[in-house]
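A.B. asks: The file below is data.txt, compact mmCIF, C-alpha atoms:
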# COMPACT_ATOMS: atom_id res chain seq x y z
CA LYS A 280 20.89 84.28 76.68
CA TYR A 281 22.61 81.12 77.95
CA LEU A 282 23.63 79.95 74.50
CA PRO A 283 24.37 83.10 72.49
CA ARG A 284 26.71 81.18 70.23
CA TYR A 285 24.03 78.66 69.11
CA ARG A 286 21.05 81.02 69.07
CA ASN A 287 20.54 80.92 65.28
CA ALA A 288 20.99 77.16 65.11
CA THR A 289 18.53 76.63 67.97
CA LEU A 290 15.99 78.92 66.31
CA ALA A 291 16.40 77.11 62.97
CA CYS A 292 15.89 73.72 64.63
CA LEU A 293 12.78 74.99 66.40
CA VAL A 294 11.32 76.37 63.16
CA ALA A 295 12.08 73.09 61.35
CA PHE A 296 10.43 71.10 64.15
CA LEU A 297 7.29 73.28 64.04
CA PHE A 298 7.11 73.01 60.25
CA CYS A 299 7.42 69.21 60.33
CA PHE A 300 4.81 68.99 63.06
CA SER A 301 2.27 71.27 61.37
CA SER A 302 2.68 69.86 57.85
CA GLY A 303 2.21 66.23 58.85
CA ALA A 304 5.75 65.15 58.00
CA PHE A 305 6.14 63.38 61.36
CA GLY A 306 3.05 61.30 60.65
CA GLN A 307 4.43 60.47 57.22
CA LEU A 308 7.74 59.32 58.71
CA THR A 309 6.34 57.41 61.68
CA GLY A 310 3.38 55.80 59.92
CA THR A 311 0.70 57.38 62.08
CA GLU A 312 -2.23 59.44 60.86
CA THR A 313 -1.19 61.48 57.82
CA SER A 314 -2.59 64.64 56.33
CA LEU A 315 -4.11 65.12 52.91
CA THR A 316 -1.40 67.66 52.20
CA LEU A 317 1.12 64.85 51.77
CA ASN A 318 -1.15 61.91 50.89
CA GLN A 319 -3.80 63.24 48.52
CA PRO A 320 -5.37 60.17 46.89
CA PRO A 321 -5.32 60.37 43.09
CA GLY A 322 -8.57 61.50 41.57
CA ASN A 323 -10.15 62.97 44.69
CA LEU A 324 -9.64 66.60 43.77
CA GLU A 325 -11.67 66.39 40.57
CA ILE A 326 -14.77 64.80 42.08
CA TYR A 327 -15.86 68.07 43.66
CA TYR A 328 -15.72 70.16 40.48
CA THR A 329 -19.11 70.52 38.79
CA TYR A 330 -19.30 71.17 35.04
CA ASP A 331 -22.07 73.16 33.38
CA ASN A 332 -23.11 70.19 31.23
CA GLU A 333 -23.60 68.09 34.38
CA VAL A 334 -25.93 70.77 35.72
CA ALA A 335 -27.79 70.82 32.40
CA GLY A 336 -28.17 67.02 32.51
CA ALA A 337 -29.53 67.10 36.07
CA ARG A 338 -32.05 69.80 35.14
CA TRP A 339 -33.07 67.96 31.98
CA LEU A 340 -33.68 64.79 33.97
CA ALA A 341 -35.72 66.73 36.52
CA LYS A 342 -38.00 68.02 33.76
CA ASN A 343 -38.27 64.87 31.64
CA ASN A 344 -38.24 61.91 34.01
CA ASP A 345 -41.13 59.56 34.52
CA SER A 346 -42.17 59.80 38.17
CA ASN A 347 -42.80 56.02 38.31
CA SER A 348 -39.23 55.12 37.27
CA SER A 349 -36.32 55.08 39.66
CA ILE A 350 -33.14 57.06 39.12
CA GLN A 351 -29.73 55.49 39.67
CA ALA A 352 -26.45 57.35 40.07
CA ASP A 353 -23.25 56.88 41.99
CA ILE A 354 -22.70 58.80 45.23
CA ILE A 355 -20.90 61.73 43.56
CA ALA A 356 -23.37 62.10 40.68
CA SER A 357 -26.27 61.95 43.13
CA LEU A 358 -24.98 65.15 44.75
CA ARG A 359 -25.43 66.95 41.42
CA LEU A 360 -28.92 65.50 41.03
CA GLN A 361 -29.96 66.52 44.53
CA PHE A 362 -28.59 70.04 44.32
CA PHE A 363 -29.35 71.06 40.72
CA GLY A 364 -32.32 68.85 39.87
CA ASP A 365 -33.95 68.42 43.28
CA ILE A 366 -33.94 64.66 42.65
CA ALA A 367 -33.07 62.00 45.21
CA PRO A 368 -31.73 58.86 43.49
CA ASN A 369 -32.97 55.54 44.85
CA ASN A 370 -29.90 53.41 44.21
CA PHE A 371 -26.25 54.43 44.55
CA ALA A 372 -24.68 51.11 43.53
CA VAL A 373 -24.45 51.25 39.76
CA ILE A 374 -23.29 47.79 38.79
CA PRO A 375 -24.90 45.38 36.31
CA GLN A 376 -26.48 43.30 39.10
CA THR A 377 -28.28 46.32 40.63
CA LEU A 378 -29.46 48.10 37.48
CA GLU A 379 -33.21 48.16 37.28
CA ARG A 380 -34.95 47.54 33.99
CA ASN A 381 -36.78 50.85 33.47
CA SER A 382 -34.61 53.06 35.64
CA TYR A 383 -32.76 56.17 34.57
CA VAL A 384 -28.98 56.09 35.00
CA TYR A 385 -27.22 59.44 35.35
CA LEU A 386 -23.50 59.71 34.56
CA ILE A 387 -21.28 62.72 35.15
CA ASN A 388 -18.11 63.83 33.39
CA LEU A 389 -15.87 61.98 35.84
CA ASN A 390 -17.71 58.69 35.24
CA ILE A 391 -17.34 59.08 31.48
CA SER A 392 -13.76 60.36 31.26
CA SER A 393 -12.15 58.14 33.90
CA GLY A 394 -14.54 55.18 33.75
CA LYS A 395 -14.74 55.19 37.55
CA ASN A 396 -17.75 54.72 39.81
CA PHE A 397 -17.93 55.85 43.43
CA TYR A 398 -19.74 54.14 46.28
CA LEU A 399 -19.77 55.11 49.95
CA TYR A 400 -19.50 52.17 52.35
CA LYS A 401 -19.00 52.70 56.11
CA ASN A 402 -17.65 56.22 55.49
CA ASN A 403 -15.07 54.94 52.99
CA LEU A 404 -15.21 56.03 49.37
CA LEU A 405 -14.87 52.93 47.18
CA VAL A 406 -13.81 53.42 43.57
CA TYR A 407 -14.43 50.78 40.93
CA ASP A 408 -14.86 50.56 37.16
CA TYR A 409 -18.08 52.00 35.77
CA PRO A 410 -20.10 49.55 33.65
CA ILE A 411 -20.34 51.91 30.65
CA GLU A 412 -20.10 49.07 28.10
CA PHE A 413 -22.94 47.28 29.87
CA LEU A 414 -25.05 50.44 29.77
CA ASN A 415 -24.34 50.93 26.06
CA GLU A 416 -25.47 47.36 25.33
CA HIS A 417 -28.52 47.07 27.61
CA LYS A 418 -29.88 50.60 28.01
CA ASP A 419 -30.85 53.37 25.62
CA LEU A 420 -28.90 56.61 25.64
CA ILE A 421 -31.55 59.33 25.86
CA TYR A 422 -29.40 62.36 26.78
CA ASN A 423 -25.78 63.25 26.02
CA SER A 424 -24.32 66.69 26.58
CA GLY A 425 -20.70 65.67 26.12
CA GLY A 426 -20.09 65.71 29.86
CA SER A 427 -23.15 63.99 31.25
CA ARG A 428 -25.20 61.08 29.97
CA ILE A 429 -28.59 59.71 30.88
CA TYR A 430 -29.59 56.15 30.02
CA ARG A 431 -32.95 54.45 30.27
Please express what this file holds, its structure, as structure tokens.
C.D. replies:
Amino acid sequence: KYLPRYRNATLACLVAFLFCFSSGAFGQLTGTETSLTLNQPPGNLEIYYTYDNEVAGARWLAKNNDSNSSIQADIIASLRLQFFGDIAPNNFAVIPQTLERNSYVYLINLNISSGKNFYLYKNNLLVYDYPIEFLNEHKDLIYNSGGSRIYR
């Protein structure tokens, strides 16, 4: 009412301000907390997708594992084991120094295709190279569905 001449410009500036505020653009520009909309880490979207062959591997391991042997899987693969195989892995750090001699090691499609391993430390997801070559040399491949592998 006071500024009839600049009404459209004022409305456009207000809409732009609200958009920048709600999308996280101000945080991106000022360096404060940002949103996943603008800063999605690479590779995080695919960790939540579960393939049918991963489900089949978890169910196969649930039926065929030796109850005396431990099961090792990274933090993402252990979610598949817990949900589809009703198995709770004992060790989430799958590196050559922590691999047990007679343990089962469960790999999912993401471990195989990207060669990445995931470990949760103080609520931070750490990503490092999966020791697939070490597993191939020192463990026996007992299950392979093309998208999940189980070593012993």
A.B. asks: What is the atom CA of Asn347 of chain A to atom CA of Leu389 of chain A distance in Å?
C.D. replies: 27.7 Å
A.B. asks: Using only C-alpha atoms, find the one residue out of A:Tyr430, A:Trp339, A:Phe363, A:Tyr409 that sits nearest to Ile391 of chain A.
C.D. replies: A:Tyr409
A.B. asks: Just the number, please: distance in Å from atom CA of Ser302 of chain A to atom CA of Leu405 of chain A, one decimal.
C.D. replies: 26.6 Å
A.B. asks: What separation in Å, quoted to one decimal, exists between atom CA of Ile421 of chain A and atom CA of Tyr327 of chain A?
C.D. replies: 25.3 Å
A.B. asks: Considering only C-alpha atoms, state which residue in the set A:Asn287, A:Asn423, A:Asn381, A:Asn390 is at the smallest distance from Tyr407 of chain A.
C.D. replies: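 Among A:Asn287, A:Asn423, A:Asn381, A:Asn390, it is A:Asn390 that comes nearest to Tyr407 of chain A.
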A.B. asks: So which residues touch His417 of chain A within 12 Å, counting all atoms listed in the file, skipping near sequence neighbours fewer than 2 positions away, as a list in words?
C.D. replies: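 Returned residues: Pro375, Leu378, Glu379, Arg380, Asn381, Ser382, Val384, Pro410, Ile411, Glu412, Phe413, Leu414, Asn415, Asp419, Leu420, Tyr430 and Arg431 of chain A.
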A.B. asks: Tell me which of A:Glu416, A:Glu325, A:Asp331, A:Asp353 sits closest to Tyr400 of chain A, counting all atoms listed in the file.
C.D. replies: A:Asp353
A.B. asks: Taking into account all atoms listed in the file, which residue in the set A:Gly394, A:Gly310, A:Pro368, A:Gly336 is nearest to Gly425 of chain A?
C.D. replies: A:Gly336
A.B. asks: With all atoms listed in the file counted, which protein, DNA or RNA residues have an atom no more than 9 Å from (-32.1, 65.2, 38.3) in the file frame? Please answer as a ChimeraX atom specification.
C.D. replies: /A:334,336-342,344,350,357,359-368,385
A.B. asks: How would segment 411-427 of chain A look written as a tab-separated table (two decimals), in the first residue's frame with N, CA, C and O atoms?
C.D. replies:
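Okay, this is what ended up in decode.tsv:
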chain	number	residue	atom	x	y	z
A	411	ILE	N	39.23	-56.87	-0.61
A	411	ILE	CA	38.73	-58.00	-1.40
A	411	ILE	C	39.88	-58.90	-1.85
A	411	ILE	O	39.75	-60.13	-1.84
A	412	GLU	N	41.01	-58.31	-2.25
A	412	GLU	CA	42.16	-59.13	-2.68
A	412	GLU	C	42.66	-60.00	-1.53
A	412	GLU	O	43.02	-61.16	-1.72
A	413	PHE	N	42.68	-59.43	-0.33
A	413	PHE	CA	43.09	-60.20	0.85
A	413	PHE	C	42.13	-61.36	1.10
A	413	PHE	O	42.56	-62.47	1.43
A	414	LEU	N	40.84	-61.11	0.95
A	414	LEU	CA	39.86	-62.17	1.14
A	414	LEU	C	40.03	-63.26	0.09
A	414	LEU	O	39.93	-64.45	0.40
A	415	ASN	N	40.27	-62.87	-1.16
A	415	ASN	CA	40.46	-63.86	-2.23
A	415	ASN	C	41.69	-64.73	-1.98
A	415	ASN	O	41.70	-65.91	-2.34
A	416	GLU	N	42.72	-64.18	-1.36
A	416	GLU	CA	43.95	-64.94	-1.11
A	416	GLU	C	43.89	-65.79	0.15
A	416	GLU	O	44.45	-66.88	0.19
A	417	HIS	N	43.21	-65.32	1.20
A	417	HIS	CA	43.28	-65.99	2.49
A	417	HIS	C	41.99	-66.65	2.95
A	417	HIS	O	41.99	-67.31	3.99
A	418	LYS	N	40.92	-66.47	2.24
A	418	LYS	CA	39.65	-67.09	2.62
A	418	LYS	C	39.08	-67.83	1.42
A	418	LYS	O	39.43	-67.55	0.28
A	419	ASP	N	38.18	-68.75	1.69
A	419	ASP	CA	37.52	-69.51	0.62
A	419	ASP	C	36.18	-68.87	0.31
A	419	ASP	O	35.39	-68.58	1.21
A	420	LEU	N	35.91	-68.69	-0.98
A	420	LEU	CA	34.63	-68.18	-1.42
A	420	LEU	C	33.63	-69.34	-1.41
A	420	LEU	O	33.79	-70.30	-2.15
A	421	ILE	N	32.62	-69.26	-0.56
A	421	ILE	CA	31.67	-70.37	-0.44
A	421	ILE	C	30.31	-70.02	-1.01
A	421	ILE	O	29.48	-70.91	-1.20
A	422	TYR	N	30.05	-68.74	-1.29
A	422	TYR	CA	28.77	-68.33	-1.87
A	422	TYR	C	29.00	-67.09	-2.72
A	422	TYR	O	29.69	-66.16	-2.30
A	423	ASN	N	28.43	-67.11	-3.93
A	423	ASN	CA	28.51	-65.96	-4.83
A	423	ASN	C	27.24	-65.91	-5.66
A	423	ASN	O	26.97	-66.81	-6.44
A	424	SER	N	26.47	-64.86	-5.46
A	424	SER	CA	25.23	-64.71	-6.22
A	424	SER	C	25.35	-63.62	-7.28
A	424	SER	O	24.36	-63.25	-7.88
A	425	GLY	N	26.54	-63.10	-7.49
A	425	GLY	CA	26.72	-62.02	-8.43
A	425	GLY	C	26.60	-60.66	-7.79
A	425	GLY	O	27.12	-59.68	-8.28
A	426	GLY	N	25.91	-60.57	-6.66
A	426	GLY	CA	25.76	-59.31	-5.97
A	426	GLY	C	26.11	-59.40	-4.50
A	426	GLY	O	26.26	-58.40	-3.85
A	427	SER	N	26.24	-60.60	-4.01
A	427	SER	CA	26.70	-60.79	-2.64
A	427	SER	C	27.65	-61.98	-2.62
A	427	SER	O	27.51	-62.91	-3.40
